[in-house]
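Below is one structure, written out as C-alpha cells; the observations come after it.
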Amino acid sequence: MLIDRMEVTDIKEVAEDIFELKVCGDLASRVKEPGQFVHVQAAHSIDTLLRRPISICDVNRESRELTMIFRAEGKGTKRLAECRQGEELNVLGPLGNGFPIESCKPGGTAVLVGGGVGVPPLYYLSRQLKKNGVNVIHVLGFANKQVSFYEKEFSELGPTRLATVDGSAGQKGFVTNVIEEHDITYDIMYACGPVPMLKALEANYSNKPLYLSLEQRMGCAIGACFACTCQTVDPNDEKGYRKVCSDGPVFKAGEVILSC
Amino acid sequence: MLIDRMEVTDIKEVAEDIFELKVCGDLASRVKEPGQFVHVQAAHSIDTLLRRPISICDVNRESRELTMIFRAEGKGTKRLAECRQGEELNVLGPLGNGFPIESCKPGGTAVLVGGGVGVPPLYYLSRQLKKNGVNVIHVLGFANKQVSFYEKEFSELGPTRLATVDGSAGQKGFVTNVIEEHDITYDIMYACGPVPMLKALEANYSNKPLYLSLEQRMGCAIGACFACTCQTVDPNDEKGYRKVCSDGPVFKAGEVILSC
Amino acid sequence: MLNIALPGLNMKNPVMPASGCFAFGKEYGELYDLNCLGAIAIKAATKETRFGNPTPRVAETPGGMLNAIGLQNPGVEKIINEELKWLESFDTPILANIAGKETNDYVYTAEQLSKVPNVGALELNISCPNVKEGGITFGTVPEIAAELTEKVKAVSTVPVYVKLSPNVSDIVGMAKAVEEAGADGLSMINTLMGMRIDLKTQAPVLANKMGGLSGPAIKPVAIRMVYEVSQHVTIPIIGMGGIQDAEDVIEFFLAGASAVAVGTANFVDPLVCPKIIEDLPALLEKMNVSHIDELKGRSWGACQKTSSSR
Amino acid sequence: MLNIALPGLNMKNPVMPASGCFAFGKEYGELYDLNCLGAIAIKAATKETRFGNPTPRVAETPGGMLNAIGLQNPGVEKIINEELKWLESFDTPILANIAGKETNDYVYTAEQLSKVPNVGALELNISCPNVKEGGITFGTVPEIAAELTEKVKAVSTVPVYVKLSPNVSDIVGMAKAVEEAGADGLSMINTLMGMRIDLKTQAPVLANKMGGLSGPAIKPVAIRMVYEVSQHVTIPIIGMGGIQDAEDVIEFFLAGASAVAVGTANFVDPLVCPKIIEDLPALLEKMNVSHIDELKGRSWGACQKTSSSR
Ligand SMILES: Cc1cc2nc3c(=O)[nH]c(=O)nc-3n(C[C@H](O)[C@H](O)[C@H](O)COP(=O)(O)OP(=O)(O)OC[C@H]3O[C@@H](n4cnc5c(N)ncnc54)[C@H](O)[C@@H]3O)c2cc1C
Ligand SMILES: Cc1cc2nc3c(=O)[nH]c(=O)nc-3n(C[C@H](O)[C@H](O)[C@H](O)COP(=O)(O)OP(=O)(O)OC[C@H]3O[C@@H](n4cnc5c(N)ncnc54)[C@H](O)[C@@H]3O)c2cc1C
Ligand SMILES: Cc1cc2nc3c(=O)[nH]c(=O)nc-3n(C[C@H](O)[C@H](O)[C@H](O)COP(=O)(O)O)c2cc1C
Ligand SMILES: Cc1cc2nc3c(=O)[nH]c(=O)nc-3n(C[C@H](O)[C@H](O)[C@H](O)COP(=O)(O)O)c2cc1C
Ligand code: FES
Ligand code: FES
C-alpha cells in the first residue's frame with residue numbers, strides 16, 4: 001500500500017459513459033491479487049472531498065501500468081473522465097484482499113460472473129487464472145448493448161456470454177438466466193456486481209466454491225474509519241463483522257450478510 | 001453588464017507572481033470607462049466559491065479583447081494564473097463607474113498615480129486620456145523591481161517615474177516622495193492603490209481634482225448585497241453611504257471615508 | 001408543474017431569491033426579467049435607517065461564505081415608498097423580511113409592511129440580538145420567539161413566516177413554538193455563526209469578527225433541519241441553505257420543503273434563479289413527477305423507493 | 001518550536017489524529033511512523049462491543065462529509081488488551097475517547113481506561129444520546145454535561161477532556177459548565193448534525209438518516225466556537241473541524257486552541273498529519289514566531305496587527 005502520483009497514460013470511452021483509464025507508477029508493481037482496488041483522488045478540490053474506490057481491471061508490470069474501468073456517473077467519476085494524458089492522479093493502493101486464484105487448480109474450470117461496472121476486476125482475474133492453466137468462462141451482464149464493454153477482450157481468454165436486460169446484446173435477461181440455460185459445469189465461481197445479482201448467485205450456486213466481491217461507501221478505504229463494515233453470517237464469529245475495504249472486498253459466499 | 005464566457009487568448013507572467021491575462025468576448029465592447037472592473041469566476045469549484053473582482057487594464061475593441069493584470073496570491077488568483085489559452089472564463093461585467101476622463105480638457109495634464117496591483121486600471125485610463133489629447137504623467141509605486149510591471153508600456157504614453165520601497169528600481173520610497181521631489185505640475189490626479197497611499201494623496205493633493213479608485217471585499221459586485229459599502233464624508237448626505245461596486249470603485253476625493 | 005400556492009404567496013414556481021442576497025431586485029432586474037421568479041424575499045427592513053457593520057463584511061470559506069452586513073437598509077418608510085413601489089410593476093409576490101432590536105421594532109415594521117399591496121407575506125428574521133433581553137437572539141429561546149410571533153401576527157394583515165436560526169440545540173422545539181404562536185409558515189435556515197481568521201493580520205477577516213455562514217457548505221445542516229421540522233409541523237416550509245441548482249431544490253422538497261430560496265448562489269452565478277427554474281421541468285419529468293409538490297416530504301413519507309447499486 | 005505540554009499529554013507537536021478517523025493507529029501505522037504524531041485520539045470506546053449502524057454510513061457533501069458509524073468498537077476490555085497494548089511500542093501519548101448511553105457506562109469505561117499506562121488523558125464524547133434522559137444528548141444540556149464530567153473526574157486517575165458538540169445555542173455556557181465541573185481540557189468541535197437525500201432513491205443517503213458533518217465545510221463554525229470559548233475558560237482547548245493543512249492549524253491557534261486534531265483530512269490524504277507537522281516550522285518562521293504557543297489566542301489577544309491591502 002502506498003500513495004502514488006500516477007501519470008495518466010491513456011483514457012478513452014469504451015462504452016456509453018464507461019471509461020478506460022490507464023495510469024503509470026510504482027503502485028502497479030505492488031498489486032498482489034486480482035480483485036484489489038485503488039482509492040483515487042478525483043480532483044484537488046473540496047468539491048469532491050472523498051476519494052473514489054475503483055477496482056483494478058488490469059496490471060502491466062513491465063510498463064508499470066494499471067488499468068481501471070469506471071462509469072462516469074457522479075461528480076467524482078465525471079471529473080475522472082476528464083483526465084488528460086500526462087496529468088497526475090493521486091492514487092492510494094493497492095487495497096484490500098482480492099480473489100483467491102490458487103483456489104482453482106490448473107486444468108480446472110472457473111466461471112467469472114460480472115454485472116455492469118462489476119465486470120472490470122474480472123478481467124485481471126481471468127488473465128491470472130488463464131496463466132495458471134485454468135479454463136475460464138465469462139458471463140457478463142449489462143443493462144444494454146450501449147453500456148457493454150470488453151466482450152472482445154474477455155473472448156480472447158475464454159468463452160464469453162453476455163446478458164442484457166433489454167436483449168440488445170447477448171441473451172435477454174440476467175446473468176443467472178445465462179448460467180441456468182447453458183448448464184455450465186465448473187469448479188469455482190467468482191463474481192462481482194450489484195447486490196441483487198450476488199444474492200441470486202449465493203442462493204443458487206453456493207454448492208461449489210463461490211467468491212463475491214462487495215461494494216460499500218467508503219471513507220478511508222484502509223480499515224480505519226469503520227464506514228464499510230458488514231455483519232458476518234456466523235453470529236458466533238469472534239468479531240461479528242468484516243470491513244469491505246480491508247477484509248474484503250472479496251469474501252467467500254456465506255461469510256458476510258449481503259445487504260443493499 | 002452581462003455574463004460572458006470569455007476565451008483566454010493569452011496569459012503570461014509579467015513580473016514575479018504578476019500575471020497578464022487576455023480574454024476575448026462580447027463583454028469587451030461594453031466597457032464604458034477606464035477604471036471599471038470585472039467579476040471573474042476563478043474555478044467551477046466550490047473551493048473558490050466567490051468571484052474575484054479584477055480591474056480592466058486594457059480593452060481592444062477590434063479584437064474584442066480585454067486585458068487584466070493580477071497578483072497570484074490566494075486560492076482564486078492562483079487558479080486564474082493557471083488558465084491556459086483556449087480555456088473559457090466566466091466573466092461578469094463591465095461593472096461600476098470608472099475614472100471620469102472628460103474631467104480633463106485636451107491639452108491639460110493628468111498625473112496617474114498607482115501602487116502595486118492598483119496600477120493596471122491606469123493603463124487603459126492613460127490610453128484614453130492620451131487619445132483625448134491630454135498629457136499624461138505616470139507615477140508608479142511597487143514593493144521592489146521584481147514585482148514591477150508595465151514600465152515600458154506606460155513610458156510609451158508619457159513620462160513615467162517609478163518608486164520602490166527598497167530602491168531596487170526608480171526612486172527609493174513611496175509615490176508621494178516622487179511627486180513631491182519632482183514638483184510635478186498638473187490639472188487633475190487619478191489614483192489607484194493601497195488605502196494608505198490613497199490617504200496620503202488625499203491629505204496632500206485635494207487642492208486640485210483628485211479621483212481615487214477603492215477596493216473592498218465583495219459578494220455580488222452589482223450592488224445587491226451591501227458587502228462593499230463605505231460611508232460618505234458628508235454626514236448630511238441623503239444615503240450616507242456608497243457601494244464600492246456600483247457607485248464606485250472610483251470616487252472623487254472627499255466623497256467617502258477611506259478606511260482599511 | 002411548478003406553481004405553488006403558499007399562504008400569501010401565489011407563486012408561478014417555488015423559487016425565490018433569499019433575503020439579503022437580492023436587495024430589492026433592481027440590480028438583478030438588469031440581468032433578467034424578475035417576472036420569472038416565484039417570489040422575491042427582499043432585504044431585511046428595520047424601523048429606522050441602518051448603516052450596518054464596518055467592512056470587510058464578507059469572507060470566503062471552504063464551500064461557503066461568511067457575511068456580517070449588519071442589516072444595512074434605508075428603513076421601512078423608504079422601502080415602502082421607493083423599493084416596493086418600484087417592484088409593483090412585476091407580477092411577483094413579495095416576501096418582506098423584517099428585523100429589529102426589540103419586539104416593538106418588529107411590530108411597527110410589520111404593521112407598516114403588511115399594508116403594502118404587493119407584500120404577500122412577512123418573514124420575521126429572528127436571528128437578531130434582542131437588546132432588551134441582553135443581546136441573546138430572539139431565535140434561540142422558543143418562548144421569546146413565540147411571543148414575538150404572536151405580537152406580529154396581531155398587527156399583520158398578511159400571513160407571517162418565521163425565519164429560523166440554525167444555531168440552536170432543538171430546532172423542532174423552536175418550530176413548534178412559533179407554529180403554536182400562529183406562524184403561517186417557516187423559512188429555514190438562516191446562517192450558521194462562523195468566523196475566519198486571517199493569518200497575515202492574525203485577526204478575524206470580518207470587521208464584525210463573526211458572521212453568518214451560508215452556501216453549499218451548510219446544505220446538509222439545512223436539509224437535516226427541514227427534514228426534522230417538516231415532520232412535526234403542519235405549516236409550510238420555505239427551504240434554503242446552499243441551493244445551487246435544480247437538484248438541490250428537489251433535495252429540499254424531498255426533505256419536506258414547500259418552496260425554496262436561493263441566497264449565496266446568486267453571487268456565484270447571477271443568473272442562477274432563472275436557470276434553476278428553467279432546469280426544473282426536465283428534472284421532474286426524468287423523475288416521473290407531474291408536479292413538484294408531489295415530492296414534498298417523500299424522504300420521510302410513505303412512498304420511499306429502494307436503492308440499487310452497481 | 002512545536003512541543004506542547006497539555007494536562008496528561010506531553011506532545012512533541014500539537015497535531016493528533018481525531019477520534020474515529022484513525023481507529024487505533026494500526027492502519028495508518030503502515031503508511032508512516034506513528035512516533036511523529038503529537039498524540040493519538042483513539043476511536044470511541046464503550047463499555048460493551050458495539051456493531052454500530054447499518055450501512056451506508058458515510059456520504060460526501062459540499063466541502064465535507066457525513067458519518068453515522070454508530071460508535072462501532074470492540075468494547076473497552078479488548079481495546080485495553082489488544083489495541084492499547086499494541087500502541088505501547090510508540091512514544092506517543094494516547095487520548096482515549098469514551099462514549100456511552102448512560103452515565104454509568106462512561107464512568108465504568110473511564111475508570112478502566114484511566115488505569116492504562118499509555119493513556120495520557122480521557123476525552124468524553126458527549127454527543128451521544130442519553131437513553132435515561134429520553135435520548136437527548138449529554139452534550140446539549142449544561143447541567144447533564146457537568147454532572148457527567150464530575151462523575152468521570154471522580155474515578156479517573158488521568159486528566160479528562162470534554163469533547164463539545166457544536167449543535168447547541170450556547171457553546172460558551174456548555175464550556176463553562178464542564179470547566180466548573182472539573183474538566184481539565186476541552187475538545188471542540190464534534191460534528192454538526194446533517195443529512196443528504198439521494199435523488200434517485202428519494203431517501204436519505206445514510207441508513208441512519210442523519211449523520212455528523214465534518215471536513216472543511218465546518219471549519220468556520222469550529223473557529224468561531226474556539227474563539228468564543230477560549231476567551232471564557234482557562235483550560236486548554238484541542239481545536240478541530242476541517243483542518244487540512246498547516247495554515248488551518250495556525251488559524252485554530254490564533255482562535256485560541258492549544259493543540260489540534262485532524263479528522264476527515266486523513267481520508268483525503270492519509271499522510272496529512274506528518275505533512276502538517278513537517279510544514280509547520282517553516283510557516284512559523286515566516287510568521288516570525290519562535291514557538292507555536294505564542295500564537296495562541298492572538299486573534300483576540302492584545303497584540304493584534306493591523307491589516308494592509310493592495
Ligand atoms: C471496492 C470497490 C470497487 C469499485 N470498483 C469500481 C469499478 O471498477 N468501476 C466503477 O465504475 N465503479 C466501481 N466502484 C463504484 C465506485 O466507487 C462508485 O461508482 C463511485 O465512487 C461513485 O462516485 P461518483 O463520483 O460517480 O458519485 P458521487 O455520487 O459523487 O459519489 C459521492 C460519494 O459516494 C460514494 N459512492 C457513490 N456510489 C458508490 C458506490 N456504488 N460504491 C461505493 N461508493 C459510492 C463515492 O465514492 C463518494 O464518496 C467500486 C466501488 C468499490 C467499493
Ligand atoms: C474593484 C477592484 C478591482 C481590483 N483590481 C485588481 C487588479 O486589477 N489586479 C489585482 O491583482 N487585484 C485587484 N483587486 C484585488 C483582487 O480582487 C484580490 O486580490 C483578489 O480578489 C484576491 O483573491 P485571491 O484568490 O488571491 O485571495 P483569497 O484570499 O483566496 O480571497 C478570498 C476572498 O477575499 C477576497 N479578497 C481578498 N483580498 C481582496 C482584496 N484585496 N480586495 C477585494 N477582495 C479581496 C476575494 O475576492 C475572495 O472573495 C481588485 C479589487 C477590487 C475590489
Ligand atoms: C450577504 C447576505 C445577506 C443576508 N441578509 C439577510 C437578511 O437581511 N435577512 C435574512 O433573513 N437573511 C439574510 N441572509 C440569509 C439568507 O437569506 C439565507 O437564509 C442564507 O444565506 C442561507 O441560504 P444560502 O446558503 O442560499 O445563501 C443573508 C445572507 C447573505 C449571504
Ligand atoms: C468517520 C468519523 C468517525 C468519527 N468518530 C468519532 C468518535 O468515535 N468519537 C468522537 O468523539 N468523534 C468522532 N468523530 C468526530 C471527529 O473526531 C472530529 O471531531 C470531527 O470529524 C471534526 O473534525 P474534522 O473536520 O477534521 O473531521 C468522527 C468523525 C468521522 C468523520
Ligand atoms: S472505508 Fe474506512 S474502514 Fe473501510
Ligand atoms: S459587492 Fe454586493 S453590493 Fe457591492
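Chain lettering (A, B, ...) mirrors the order of the C-alpha cells, residue numbering begins at 1 for each chain separately, and ligand numbering begins at 1 in order of display.
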
task = Using only C-alpha atoms, find the residues of chain D whose closest atom to chain C is at most 7 Å away, then write them as a PyMOL selection string.
result = chain D and resi 62-63+140+167-169+193-197+199+201-204+210+216-217+220-221+223-224+251+254+298-299+304-307

Output file for the selection above: N, CA, C and O atoms, as a short mmCIF file (atom, residue, chain, number, x, y, z; two decimals), in the first residue's frame:
data_model
loop_
_atom_site.label_atom_id
_atom_site.label_comp_id
_atom_site.auth_asym_id
_atom_site.auth_seq_id
_atom_site.Cartn_x
_atom_site.Cartn_y
_atom_site.Cartn_z
N PRO D 62 -20.95 18.95 0.04
CA PRO D 62 -20.08 20.01 -0.49
C PRO D 62 -19.04 20.45 0.55
O PRO D 62 -19.40 21.00 1.59
N GLY D 63 -17.78 20.15 0.28
CA GLY D 63 -16.72 20.54 1.18
C GLY D 63 -16.68 19.76 2.49
O GLY D 63 -16.01 20.17 3.44
N THR D 140 -26.03 18.64 25.03
CA THR D 140 -26.84 19.83 24.77
C THR D 140 -27.39 20.49 26.03
O THR D 140 -27.91 21.59 25.95
N ASN D 167 -23.78 21.45 18.20
CA ASN D 167 -25.22 21.59 17.94
C ASN D 167 -25.95 22.19 19.12
O ASN D 167 -26.92 21.63 19.63
N VAL D 168 -25.46 23.33 19.58
CA VAL D 168 -26.07 23.97 20.75
C VAL D 168 -26.22 25.47 20.51
O VAL D 168 -25.53 26.04 19.68
N SER D 169 -27.13 26.08 21.25
CA SER D 169 -27.35 27.51 21.12
C SER D 169 -26.22 28.28 21.80
O SER D 169 -25.84 29.36 21.37
N MET D 193 -24.88 18.14 13.11
CA MET D 193 -25.84 17.16 12.59
C MET D 193 -26.31 17.58 11.19
O MET D 193 -26.76 18.71 11.00
N GLY D 194 -26.23 16.66 10.25
CA GLY D 194 -26.64 16.97 8.89
C GLY D 194 -27.27 15.78 8.19
O GLY D 194 -27.38 14.69 8.76
N MET D 195 -27.69 16.01 6.97
CA MET D 195 -28.33 14.95 6.19
C MET D 195 -28.18 15.22 4.70
O MET D 195 -28.10 16.38 4.28
N ARG D 196 -28.14 14.14 3.94
CA ARG D 196 -28.18 14.27 2.49
C ARG D 196 -29.22 13.32 1.96
O ARG D 196 -29.34 12.18 2.44
N ILE D 197 -29.99 13.78 0.98
CA ILE D 197 -31.02 12.92 0.40
C ILE D 197 -30.63 12.58 -1.03
O ILE D 197 -30.21 13.45 -1.80
N LEU D 199 -31.39 11.70 -4.74
CA LEU D 199 -32.50 11.98 -5.64
C LEU D 199 -33.06 10.73 -6.30
O LEU D 199 -34.24 10.67 -6.64
N THR D 201 -33.09 7.45 -4.99
CA THR D 201 -33.87 6.64 -4.05
C THR D 201 -34.90 7.49 -3.31
O THR D 201 -35.80 6.97 -2.69
N GLN D 202 -34.75 8.78 -3.40
CA GLN D 202 -35.62 9.74 -2.70
C GLN D 202 -35.61 9.53 -1.19
O GLN D 202 -36.57 9.87 -0.49
N ALA D 203 -34.54 8.97 -0.70
CA ALA D 203 -34.40 8.71 0.73
C ALA D 203 -33.04 9.23 1.20
O ALA D 203 -32.15 9.46 0.38
N PRO D 204 -32.87 9.40 2.50
CA PRO D 204 -31.55 9.81 2.99
C PRO D 204 -30.47 8.85 2.53
O PRO D 204 -30.70 7.64 2.44
N MET D 210 -29.67 10.59 9.58
CA MET D 210 -28.81 11.73 9.90
C MET D 210 -27.39 11.28 10.20
O MET D 210 -27.16 10.14 10.57
N PRO D 216 -13.74 20.47 5.81
CA PRO D 216 -13.52 21.91 5.63
C PRO D 216 -14.78 22.77 5.77
O PRO D 216 -14.72 23.89 6.26
N ALA D 217 -15.93 22.24 5.34
CA ALA D 217 -17.17 22.99 5.40
C ALA D 217 -17.46 23.55 6.79
O ALA D 217 -18.02 24.63 6.93
N PRO D 220 -15.34 27.16 9.67
CA PRO D 220 -15.72 28.47 10.21
C PRO D 220 -16.52 28.37 11.51
O PRO D 220 -16.38 29.22 12.39
N VAL D 221 -17.34 27.33 11.63
CA VAL D 221 -18.11 27.15 12.85
C VAL D 221 -17.18 26.77 13.99
O VAL D 221 -17.28 27.30 15.11
N ILE D 223 -13.91 27.41 14.25
CA ILE D 223 -13.07 28.55 14.60
C ILE D 223 -13.85 29.53 15.48
O ILE D 223 -13.35 30.04 16.48
N ARG D 224 -15.09 29.79 15.08
CA ARG D 224 -15.91 30.72 15.86
C ARG D 224 -16.08 30.22 17.29
O ARG D 224 -15.96 30.97 18.26
N GLU D 251 -4.60 28.83 12.14
CA GLU D 251 -5.87 29.54 12.33
C GLU D 251 -6.51 29.12 13.66
O GLU D 251 -7.02 29.96 14.41
N LEU D 254 -4.58 30.76 16.52
CA LEU D 254 -4.94 32.17 16.61
C LEU D 254 -6.31 32.34 17.27
O LEU D 254 -6.55 33.28 18.01
N ARG D 298 -4.10 34.84 19.72
CA ARG D 298 -3.69 36.15 19.23
C ARG D 298 -4.80 36.92 18.54
O ARG D 298 -4.76 38.15 18.48
N SER D 299 -5.78 36.21 17.98
CA SER D 299 -6.83 36.93 17.25
C SER D 299 -7.70 37.76 18.19
O SER D 299 -8.39 38.67 17.77
N GLN D 304 -2.74 42.41 18.37
CA GLN D 304 -3.27 42.27 17.02
C GLN D 304 -2.53 43.19 16.07
O GLN D 304 -2.21 44.32 16.39
N LYS D 305 -2.26 42.66 14.88
CA LYS D 305 -1.64 43.51 13.86
C LYS D 305 -2.73 44.22 13.08
O LYS D 305 -3.89 43.84 13.12
N THR D 306 -2.36 45.24 12.35
CA THR D 306 -3.36 45.88 11.50
C THR D 306 -3.24 45.33 10.09
O THR D 306 -2.20 44.86 9.68
N SER D 307 -4.32 45.41 9.39
CA SER D 307 -4.35 44.82 8.05
C SER D 307 -3.78 45.79 7.03
O SER D 307 -3.74 46.99 7.23
#

inquiry  = If the limit is 8 Å from any atom of ligand 1, counting only C-alpha atoms and all ligand atoms, which residues qualify? Return them as a ChimeraX atom specification.
reply    = /A:18,36-38,42,48-57,68-79,117-121,213-219,244-245,249 /C:309-310 /D:58-61

Do you know which residues are at most 9 Å from Glu88 (chain A) counting only C-alpha atoms, after dropping those on the same chain fewer than 3 positions away, and could you put them as an mmCIF file with N, CA, C and O atoms, in the first residue's frame?
data_model
loop_
_atom_site.group_PDB
_atom_site.id
_atom_site.type_symbol
_atom_site.label_atom_id
_atom_site.label_comp_id
_atom_site.auth_asym_id
_atom_site.auth_seq_id
_atom_site.Cartn_x
_atom_site.Cartn_y
_atom_site.Cartn_z
ATOM 1 N N ARG A 5 1.682 9.205 -7.017
ATOM 2 C CA ARG A 5 1.217 10.159 -8.013
ATOM 3 C C ARG A 5 1.428 9.517 -9.358
ATOM 4 O O ARG A 5 2.531 9.475 -9.872
ATOM 5 N N MET A 6 0.372 8.966 -9.896
ATOM 6 C CA MET A 6 0.494 8.193 -11.130
ATOM 7 C C MET A 6 0.179 9.073 -12.330
ATOM 8 O O MET A 6 -0.678 9.945 -12.272
ATOM 9 N N GLU A 7 0.874 8.775 -13.407
ATOM 10 C CA GLU A 7 0.669 9.561 -14.612
ATOM 11 C C GLU A 7 -0.392 8.914 -15.480
ATOM 12 O O GLU A 7 -0.367 7.702 -15.716
ATOM 13 N N VAL A 8 -1.311 9.707 -15.960
ATOM 14 C CA VAL A 8 -2.331 9.193 -16.873
ATOM 15 C C VAL A 8 -1.669 8.947 -18.219
ATOM 16 O O VAL A 8 -1.103 9.853 -18.821
ATOM 17 N N VAL A 23 -3.046 4.314 -15.930
ATOM 18 C CA VAL A 23 -2.120 5.170 -15.187
ATOM 19 C C VAL A 23 -0.836 4.400 -14.935
ATOM 20 O O VAL A 23 -0.841 3.166 -14.876
ATOM 21 N N CYS A 83 -9.905 13.474 -17.179
ATOM 22 C CA CYS A 83 -8.442 13.363 -17.089
ATOM 23 C C CYS A 83 -7.826 13.397 -18.475
ATOM 24 O O CYS A 83 -8.385 12.850 -19.415
ATOM 25 N N ARG A 84 -6.692 14.003 -18.572
ATOM 26 C CA ARG A 84 -5.994 14.015 -19.851
ATOM 27 C C ARG A 84 -4.644 13.343 -19.712
ATOM 28 O O ARG A 84 -4.054 13.342 -18.628
ATOM 29 N N GLN A 85 -4.175 12.787 -20.788
ATOM 30 C CA GLN A 85 -2.866 12.132 -20.831
ATOM 31 C C GLN A 85 -1.805 13.064 -20.256
ATOM 32 O O GLN A 85 -1.800 14.263 -20.558
#

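Minimum atom-to-atom distances from D:Ala265, D:Met1, D:Leu186, D:Met16 to ligand 4 were compared using only C-alpha atoms and all ligand atoms, and the lowest value belongs to D:Ala265.
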
Nearby residues, ligand 5, 10 Å, only C-alpha atoms and all ligand atoms, as a PDB file with C-alpha atoms, in the first residue's frame:
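Result file follows (pocket-v3.pdb):
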ATOM      1  CA  HIS A  39      -8.729   4.786  -3.857  1.00  0.00           C
ATOM      2  CA  PRO A  53     -12.766   3.369  -4.829  1.00  0.00           C
ATOM      3  CA  GLY A  96      -7.953  -4.986   0.167  1.00  0.00           C
ATOM      4  CA  GLN A 216     -19.714  -0.188   0.049  1.00  0.00           C
ATOM      5  CA  ARG A 217     -19.443   3.560   0.572  1.00  0.00           C
ATOM      6  CA  MET A 218     -16.012   4.256   1.992  1.00  0.00           C
ATOM      7  CA  GLY A 219     -14.181   6.845   3.999  1.00  0.00           C
ATOM      8  CA  CYS A 220     -10.566   5.809   4.500  1.00  0.00           C
ATOM      9  CA  ALA A 221     -10.540   2.575   2.447  1.00  0.00           C
ATOM     10  CA  ILE A 222      -7.739   1.218   4.652  1.00  0.00           C
ATOM     11  CA  GLY A 223      -9.702  -0.073   7.614  1.00  0.00           C
ATOM     12  CA  ALA A 224      -9.541   2.887   9.983  1.00  0.00           C
ATOM     13  CA  CYS A 225     -12.965   4.536   9.866  1.00  0.00           C
ATOM     14  CA  PHE A 226     -15.465   1.673  10.059  1.00  0.00           C
ATOM     15  CA  ALA A 227     -17.567   3.137   7.267  1.00  0.00           C
ATOM     16  CA  CYS A 228     -17.744  -0.039   5.222  1.00  0.00           C
ATOM     17  CA  THR A 229     -18.482  -2.843   7.629  1.00  0.00           C
ATOM     18  CA  CYS A 230     -20.868  -5.700   7.050  1.00  0.00           C
ATOM     19  CA  ARG A 242     -15.879  -7.558   8.303  1.00  0.00           C
ATOM     20  CA  LYS A 243     -14.608  -4.394   6.685  1.00  0.00           C
ATOM     21  CA  VAL A 244     -15.233  -4.384   2.952  1.00  0.00           C
ATOM     22  CA  CYS A 245     -12.142  -2.251   2.364  1.00  0.00           C
ATOM     23  CA  SER A 246      -9.517  -4.191   4.267  1.00  0.00           C
ATOM     24  CA  ASP A 247     -11.016  -7.636   4.958  1.00  0.00           C
ATOM     25  CA  GLY A 248     -12.665  -7.677   1.511  1.00  0.00           C
ATOM     26  CA  PRO A 249     -13.799  -6.551  -0.959  1.00  0.00           C
TER      27      PRO A 249
ATOM     28  CA  GLY D  20     -12.889   7.926  14.991  1.00  0.00           C
ATOM     29  CA  CYS D  21     -10.833   8.797  11.957  1.00  0.00           C
ATOM     30  CA  PHE D  22      -7.767   6.780  12.859  1.00  0.00           C
ATOM     31  CA  ALA D  23      -9.129   3.673  14.583  1.00  0.00           C
ATOM     32  CA  GLU D  27      -3.707   1.109   9.535  1.00  0.00           C
ATOM     33  CA  ARG D  57     -22.504   5.063   6.984  1.00  0.00           C
ATOM     34  CA  VAL D  58     -20.805   7.879   5.095  1.00  0.00           C
ATOM     35  CA  ILE D  69     -20.686   4.999  12.153  1.00  0.00           C
ATOM     36  CA  PHE D 267      -9.275  10.160   4.312  1.00  0.00           C
TER      37      PHE D 267
END

query = region 68-257 of chain B: which residues are alpha helix (DSSP H) by DSSP, as a PyMOL selection string?
reply = chain B and resi 75-81+120-131+151-155+175-182+195-205

ask   = Mind listing as a PyMOL selection string which residues of chain B are within 7 Å of chain D, counting only C-alpha atoms?
value = chain B and resi 116-118+193-195+260

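Residue nearest chain A within the list B:Ser45, B:Gly35, B:Met1, B:Val14: B:Ser45 [criterion: smallest interatomic distance, only C-alpha atoms].
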
inquiry  = Nearest residue to Ser127 (chain C) out of C:Leu164, C:Val76, C:Glu102, C:Val152, using only C-alpha atoms?
reply    = C:Leu164

query = Looking only at the backbone, which of the residues in region 21-258 of chain A does DSSP tag as strand (DSSP E), as a PyMOL selection string?
reply = chain A and resi 21-24+37-40+52-55+58-60+65-71+88-95+109-115+135-142+160-164+171-172+188-192+210-213+229-231+241-243+250-252

key: 6 Å shell around ligand 3 using only C-alpha atoms and all ligand atoms, listed as an MDAnalysis selection string   = (chainID B and resid 225) or (chainID C and resid 18:21 43:44 67 71 125 189:191 214:215 240:243 262:265)

request  = Can you pull out every residue within 9 Å of Tyr241 (chain A), counting only C-alpha atoms, but drop anything in the same chain fewer than 3 positions away, and send it as an MDAnalysis selection string?
outcome  = (chainID A and resid 229:233 237:238 256) or (chainID D and resid 51)
